[in-house]
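Undergrad: Take a look at run.pdb, PDB, C-alpha atoms, pLDDT in the B column:
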```pdb
ATOM      1  CA  MET A  18      29.253  72.851 -40.972  1.00 53.00           C
ATOM      2  CA  PRO A  19      27.621  69.401 -40.417  1.00 59.00           C
ATOM      3  CA  PHE A  20      27.429  70.097 -36.659  1.00 57.00           C
ATOM      4  CA  ALA A  21      25.527  73.274 -37.315  1.00 56.00           C
ATOM      5  CA  LEU A  22      23.034  71.331 -39.434  1.00 51.00           C
ATOM      6  CA  LEU A  23      22.435  68.875 -36.579  1.00 53.00           C
ATOM      7  CA  MET A  24      21.825  71.673 -34.097  1.00 56.00           C
ATOM      8  CA  ALA A  25      19.399  73.560 -36.325  1.00 53.00           C
ATOM      9  CA  GLN A  26      15.753  73.550 -35.300  1.00 54.00           C
ATOM     10  CA  PRO A  27      13.320  72.086 -37.799  1.00 57.00           C
ATOM     11  CA  GLN A  28      11.330  74.859 -39.317  1.00 56.00           C
ATOM     12  CA  GLY A  29       7.591  74.554 -39.566  1.00 52.00           C
ATOM     13  CA  GLY A  30       7.687  71.068 -37.982  1.00 50.00           C
ATOM     14  CA  ALA A  31       5.155  69.909 -35.438  1.00 56.00           C
ATOM     15  CA  GLN A  32       6.241  70.460 -31.866  1.00 67.00           C
ATOM     16  CA  SER A  33       5.330  67.813 -29.304  1.00 75.00           C
ATOM     17  CA  ASN A  34       3.215  68.770 -26.320  1.00 82.00           C
ATOM     18  CA  PRO A  35       5.193  68.371 -23.051  1.00 80.00           C
ATOM     19  CA  ILE A  36       2.050  67.283 -21.193  1.00 82.00           C
ATOM     20  CA  ALA A  37       1.480  64.481 -23.699  1.00 82.00           C
ATOM     21  CA  ALA A  38       5.034  63.273 -23.089  1.00 83.00           C
ATOM     22  CA  PHE A  39       4.386  62.876 -19.333  1.00 88.00           C
ATOM     23  CA  LEU A  40       0.884  61.424 -19.677  1.00 90.00           C
ATOM     24  CA  PRO A  41       2.013  57.754 -19.861  1.00 90.00           C
ATOM     25  CA  LEU A  42       4.220  58.238 -16.793  1.00 92.00           C
ATOM     26  CA  LEU A  43       1.369  59.880 -14.893  1.00 92.00           C
ATOM     27  CA  LEU A  44      -0.962  57.056 -15.892  1.00 93.00           C
ATOM     28  CA  LEU A  45       1.574  54.503 -14.664  1.00 93.00           C
ATOM     29  CA  VAL A  46       1.836  56.243 -11.276  1.00 93.00           C
ATOM     30  CA  VAL A  47      -1.958  56.271 -10.898  1.00 93.00           C
ATOM     31  CA  VAL A  48      -2.201  52.569 -11.776  1.00 94.00           C
ATOM     32  CA  PHE A  49       0.567  51.688  -9.286  1.00 92.00           C
ATOM     33  CA  TYR A  50      -1.195  53.671  -6.563  1.00 94.00           C
ATOM     34  CA  PHE A  51      -4.555  51.961  -6.997  1.00 93.00           C
ATOM     35  CA  MET A  52      -3.195  48.470  -7.693  1.00 94.00           C
ATOM     36  CA  LEU A  53      -0.290  48.255  -5.221  1.00 94.00           C
ATOM     37  CA  ILE A  54       0.080  51.088  -2.736  1.00 94.00           C
ATOM     38  CA  ARG A  55      -3.520  51.666  -1.646  1.00 95.00           C
ATOM     39  CA  PRO A  56      -4.387  47.973  -1.006  1.00 95.00           C
ATOM     40  CA  GLN A  57      -1.156  47.510   0.969  1.00 95.00           C
ATOM     41  CA  GLN A  58      -1.957  50.539   3.135  1.00 96.00           C
ATOM     42  CA  LYS A  59      -5.464  49.179   3.727  1.00 96.00           C
ATOM     43  CA  ARG A  60      -4.099  45.771   4.835  1.00 94.00           C
ATOM     44  CA  ALA A  61      -1.557  47.450   7.128  1.00 95.00           C
ATOM     45  CA  LYS A  62      -4.294  49.565   8.721  1.00 96.00           C
ATOM     46  CA  GLN A  63      -6.479  46.488   9.309  1.00 95.00           C
ATOM     47  CA  HIS A  64      -3.510  44.649  10.866  1.00 94.00           C
ATOM     48  CA  ARG A  65      -2.779  47.582  13.211  1.00 95.00           C
ATOM     49  CA  GLN A  66      -6.430  47.672  14.293  1.00 95.00           C
ATOM     50  CA  MET A  67      -6.397  43.912  14.926  1.00 94.00           C
ATOM     51  CA  ILE A  68      -3.191  44.188  16.963  1.00 94.00           C
ATOM     52  CA  ASP A  69      -4.562  47.105  18.993  1.00 93.00           C
ATOM     53  CA  SER A  70      -7.773  45.209  19.800  1.00 93.00           C
ATOM     54  CA  LEU A  71      -6.087  42.055  21.161  1.00 93.00           C
ATOM     55  CA  LYS A  72      -7.356  40.972  24.573  1.00 93.00           C
ATOM     56  CA  SER A  73      -7.100  37.959  26.865  1.00 93.00           C
ATOM     57  CA  GLY A  74      -8.978  34.959  25.573  1.00 93.00           C
ATOM     58  CA  ASP A  75      -8.523  35.714  21.852  1.00 94.00           C
ATOM     59  CA  ARG A  76      -7.387  32.719  19.806  1.00 96.00           C
ATOM     60  CA  VAL A  77      -4.579  33.865  17.504  1.00 96.00           C
ATOM     61  CA  TYR A  78      -1.866  32.583  15.205  1.00 95.00           C
ATOM     62  CA  THR A  79       1.584  34.043  14.645  1.00 95.00           C
ATOM     63  CA  ALA A  80       3.506  34.717  11.465  1.00 94.00           C
ATOM     64  CA  GLY A  81       5.624  31.664  12.276  1.00 93.00           C
ATOM     65  CA  GLY A  82       2.578  29.386  12.496  1.00 93.00           C
ATOM     66  CA  MET A  83       2.276  29.121  16.282  1.00 94.00           C
ATOM     67  CA  ARG A  84      -1.338  28.953  17.485  1.00 95.00           C
ATOM     68  CA  GLY A  85      -2.517  29.816  20.936  1.00 95.00           C
ATOM     69  CA  THR A  86      -4.785  31.781  23.210  1.00 95.00           C
ATOM     70  CA  VAL A  87      -3.841  35.237  24.447  1.00 96.00           C
ATOM     71  CA  ALA A  88      -3.131  35.001  28.173  1.00 95.00           C
ATOM     72  CA  ALA A  89      -1.922  38.592  28.664  1.00 95.00           C
ATOM     73  CA  VAL A  90      -1.223  41.735  26.678  1.00 95.00           C
ATOM     74  CA  ASP A  91       1.509  44.023  27.950  1.00 92.00           C
ATOM     75  CA  GLY A  92       2.717  46.998  25.912  1.00 90.00           C
ATOM     76  CA  ASP A  93       4.361  45.621  22.777  1.00 93.00           C
ATOM     77  CA  THR A  94       4.262  41.968  23.861  1.00 94.00           C
ATOM     78  CA  VAL A  95       1.641  39.243  24.019  1.00 96.00           C
ATOM     79  CA  VAL A  96       1.773  36.135  26.176  1.00 96.00           C
ATOM     80  CA  LEU A  97       0.245  33.130  24.406  1.00 96.00           C
ATOM     81  CA  ARG A  98      -0.892  29.937  26.095  1.00 96.00           C
ATOM     82  CA  VAL A  99      -0.061  27.249  23.547  1.00 95.00           C
ATOM     83  CA  ALA A 100      -0.633  24.181  25.743  1.00 94.00           C
ATOM     84  CA  ASP A 101      -1.366  23.326  29.363  1.00 93.00           C
ATOM     85  CA  ASN A 102       1.256  25.078  31.535  1.00 93.00           C
ATOM     86  CA  VAL A 103       3.098  26.380  28.431  1.00 96.00           C
ATOM     87  CA  LYS A 104       3.160  30.133  27.843  1.00 96.00           C
ATOM     88  CA  LEU A 105       5.261  31.922  25.257  1.00 96.00           C
ATOM     89  CA  THR A 106       5.922  35.636  24.864  1.00 96.00           C
ATOM     90  CA  PHE A 107       5.742  37.221  21.399  1.00 96.00           C
ATOM     91  CA  ASN A 108       5.972  40.734  20.028  1.00 95.00           C
ATOM     92  CA  LYS A 109       2.566  42.041  18.988  1.00 94.00           C
ATOM     93  CA  SER A 110       3.871  42.452  15.445  1.00 92.00           C
ATOM     94  CA  ALA A 111       4.339  38.656  15.236  1.00 94.00           C
ATOM     95  CA  ILE A 112       0.587  38.089  15.517  1.00 95.00           C
ATOM     96  CA  ALA A 113      -0.698  37.384  12.003  1.00 94.00           C
ATOM     97  CA  GLY A 114      -4.378  36.943  12.710  1.00 93.00           C
ATOM     98  CA  VAL A 115      -7.225  36.113  15.053  1.00 94.00           C
ATOM     99  CA  PHE A 116      -9.485  33.075  14.736  1.00 88.00           C
ATOM    100  CA  GLN A 117     -13.050  34.233  14.155  1.00 79.00           C
ATOM    101  CA  ASP A 118     -15.790  32.144  15.837  1.00 67.00           C
ATOM    102  CA  GLY A 119     -13.717  28.986  15.779  1.00 55.00           C
ATOM    103  CA  ASN A 120     -12.766  29.412  12.109  1.00 56.00           C
ATOM    104  CA  GLN A 121      -9.174  29.761  11.015  1.00 51.00           C
ATOM    105  CA  SER A 122      -9.557  32.956   8.983  1.00 45.00           C
TER
END
```
What do you get writing this file as structure tokens?
TA:
Amino acid sequence: MPFALLMAQPQGGAQSNPIAAFLPLLLLVVVFYFMLIRPQQKRAKQHRQMIDSLKSGDRVYTAGGMRGTVAAVDGDTVVLRVADNVKLTFNKSAIAGVFQDGNQS
């Protein structure tokens, strides 16, 4: 008999709204989208555009900290001139940024 009492539905009690139960979860997903996902997608898009616009003569730096001038762009690779008579080949994805007007930004 005690099991039957546990399984009985409360009569006349207030029933919770299922939408109200999922509202905090929905709010959390929206906050994560605008605070984490969307800015990351924006940065990735800007990086792809920067990589696609590389050309000879651009001063760049790599993710590993190497600085140089683009000597050639070929498919997925970039040849950097890092010193006189020293050229190194990198994947385009290793390029972290381009120096703007002599600044290191």
Undergrad: Would you mind telling me which residue in A:Pro41, A:Pro35, A:Gly92, A:Gly82 lies nearest to Ala111 (chain A) when using all atoms listed in the file?
TA: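 Selected residue with least distance to Ala111 (chain A): A:Gly82.
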Undergrad: Apply the PyMOL selection byres ((chain A and resi 75) around 8) to the displayed file and report the matching residues as an MDAnalysis selection string.
TA: chainID A and resid 71:74 76:77 86:87 115:116
Undergrad: Go ahead and compute the interatomic distance for CA of Gln66 (chain A) and CA of Phe49 (chain A), in Å to one decimal.
TA: 24.9 Å
Undergrad: Would you kindly return, as a ChimeraX atom specification, each protein, DNA or RNA residue with an atom no farther than 12 Å from any atom of Arg84 (chain A), considering all atoms listed in the file and excluding same-chain residues fewer than 4 positions away?
TA: /A:75-80,96-100,104-105,107,111-116,121
Undergrad: Translate the PyMOL selection byres ((chain A and resi 109) around 6), as applied to the file shown, into an explicit residue set as a PyMOL selection string.
TA: chain A and resi 93-95+108+110-112
Undergrad: Measure the distance from CA of Gln58 (chain A) to CA of Ala89 (chain A) in Å and round it to one decimal.
TA: 28.2 Å
Undergrad: How about completing region 53-74 of chain A with N, CA and C atoms and giving it to me as a PDB file, in the frame of the given file?
TA:
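This went into part18.pdb:
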```pdb
ATOM      1  N   LEU A  53      -1.293  48.744  -6.162  1.00 94.00           N
ATOM      2  CA  LEU A  53      -0.290  48.255  -5.221  1.00 94.00           C
ATOM      3  C   LEU A  53      -0.273  49.006  -3.893  1.00 94.00           C
ATOM      4  N   ILE A  54      -0.153  50.304  -3.946  1.00 94.00           N
ATOM      5  CA  ILE A  54       0.080  51.088  -2.736  1.00 94.00           C
ATOM      6  C   ILE A  54      -1.159  51.152  -1.858  1.00 94.00           C
ATOM      7  N   ARG A  55      -2.291  51.503  -2.431  1.00 95.00           N
ATOM      8  CA  ARG A  55      -3.520  51.666  -1.646  1.00 95.00           C
ATOM      9  C   ARG A  55      -3.977  50.361  -0.987  1.00 95.00           C
ATOM     10  N   PRO A  56      -4.000  49.220  -1.689  1.00 95.00           N
ATOM     11  CA  PRO A  56      -4.387  47.973  -1.006  1.00 95.00           C
ATOM     12  C   PRO A  56      -3.426  47.587   0.112  1.00 95.00           C
ATOM     13  N   GLN A  57      -2.123  47.830  -0.078  1.00 95.00           N
ATOM     14  CA  GLN A  57      -1.156  47.510   0.969  1.00 95.00           C
ATOM     15  C   GLN A  57      -1.381  48.379   2.201  1.00 95.00           C
ATOM     16  N   GLN A  58      -1.677  49.658   2.004  1.00 96.00           N
ATOM     17  CA  GLN A  58      -1.957  50.539   3.135  1.00 96.00           C
ATOM     18  C   GLN A  58      -3.219  50.104   3.862  1.00 96.00           C
ATOM     19  N   LYS A  59      -4.211  49.644   3.120  1.00 96.00           N
ATOM     20  CA  LYS A  59      -5.464  49.179   3.727  1.00 96.00           C
ATOM     21  C   LYS A  59      -5.211  47.934   4.583  1.00 96.00           C
ATOM     22  N   ARG A  60      -4.418  46.969   4.063  1.00 94.00           N
ATOM     23  CA  ARG A  60      -4.099  45.771   4.835  1.00 94.00           C
ATOM     24  C   ARG A  60      -3.303  46.127   6.084  1.00 94.00           C
ATOM     25  N   ALA A  61      -2.357  47.050   5.969  1.00 95.00           N
ATOM     26  CA  ALA A  61      -1.557  47.450   7.128  1.00 95.00           C
ATOM     27  C   ALA A  61      -2.430  48.106   8.186  1.00 95.00           C
ATOM     28  N   LYS A  62      -3.389  48.919   7.776  1.00 96.00           N
ATOM     29  CA  LYS A  62      -4.294  49.565   8.721  1.00 96.00           C
ATOM     30  C   LYS A  62      -5.161  48.528   9.431  1.00 96.00           C
ATOM     31  N   GLN A  63      -5.681  47.545   8.697  1.00 95.00           N
ATOM     32  CA  GLN A  63      -6.479  46.488   9.309  1.00 95.00           C
ATOM     33  C   GLN A  63      -5.649  45.679  10.296  1.00 95.00           C
ATOM     34  N   HIS A  64      -4.383  45.405   9.964  1.00 94.00           N
ATOM     35  CA  HIS A  64      -3.510  44.649  10.866  1.00 94.00           C
ATOM     36  C   HIS A  64      -3.246  45.438  12.142  1.00 94.00           C
ATOM     37  N   ARG A  65      -2.994  46.743  12.018  1.00 95.00           N
ATOM     38  CA  ARG A  65      -2.779  47.582  13.211  1.00 95.00           C
ATOM     39  C   ARG A  65      -4.011  47.584  14.108  1.00 95.00           C
ATOM     40  N   GLN A  66      -5.200  47.684  13.504  1.00 95.00           N
ATOM     41  CA  GLN A  66      -6.430  47.672  14.293  1.00 95.00           C
ATOM     42  C   GLN A  66      -6.609  46.332  14.996  1.00 95.00           C
ATOM     43  N   MET A  67      -6.290  45.235  14.318  1.00 94.00           N
ATOM     44  CA  MET A  67      -6.397  43.912  14.926  1.00 94.00           C
ATOM     45  C   MET A  67      -5.417  43.779  16.091  1.00 94.00           C
ATOM     46  N   ILE A  68      -4.200  44.250  15.906  1.00 94.00           N
ATOM     47  CA  ILE A  68      -3.191  44.188  16.963  1.00 94.00           C
ATOM     48  C   ILE A  68      -3.615  45.029  18.169  1.00 94.00           C
ATOM     49  N   ASP A  69      -4.147  46.219  17.904  1.00 93.00           N
ATOM     50  CA  ASP A  69      -4.562  47.105  18.993  1.00 93.00           C
ATOM     51  C   ASP A  69      -5.763  46.562  19.760  1.00 93.00           C
ATOM     52  N   SER A  70      -6.570  45.705  19.139  1.00 93.00           N
ATOM     53  CA  SER A  70      -7.773  45.209  19.800  1.00 93.00           C
ATOM     54  C   SER A  70      -7.572  43.845  20.462  1.00 93.00           C
ATOM     55  N   LEU A  71      -6.334  43.345  20.507  1.00 93.00           N
ATOM     56  CA  LEU A  71      -6.087  42.055  21.161  1.00 93.00           C
ATOM     57  C   LEU A  71      -6.428  42.134  22.637  1.00 93.00           C
ATOM     58  N   LYS A  72      -7.023  41.042  23.146  1.00 93.00           N
ATOM     59  CA  LYS A  72      -7.356  40.972  24.573  1.00 93.00           C
ATOM     60  C   LYS A  72      -7.225  39.522  25.023  1.00 93.00           C
ATOM     61  N   SER A  73      -7.198  39.310  26.310  1.00 93.00           N
ATOM     62  CA  SER A  73      -7.100  37.959  26.865  1.00 93.00           C
ATOM     63  C   SER A  73      -8.267  37.112  26.382  1.00 93.00           C
ATOM     64  N   GLY A  74      -7.954  35.877  26.037  1.00 93.00           N
ATOM     65  CA  GLY A  74      -8.978  34.959  25.573  1.00 93.00           C
ATOM     66  C   GLY A  74      -9.075  34.854  24.071  1.00 93.00           C
TER      67      GLY A  74
END
```
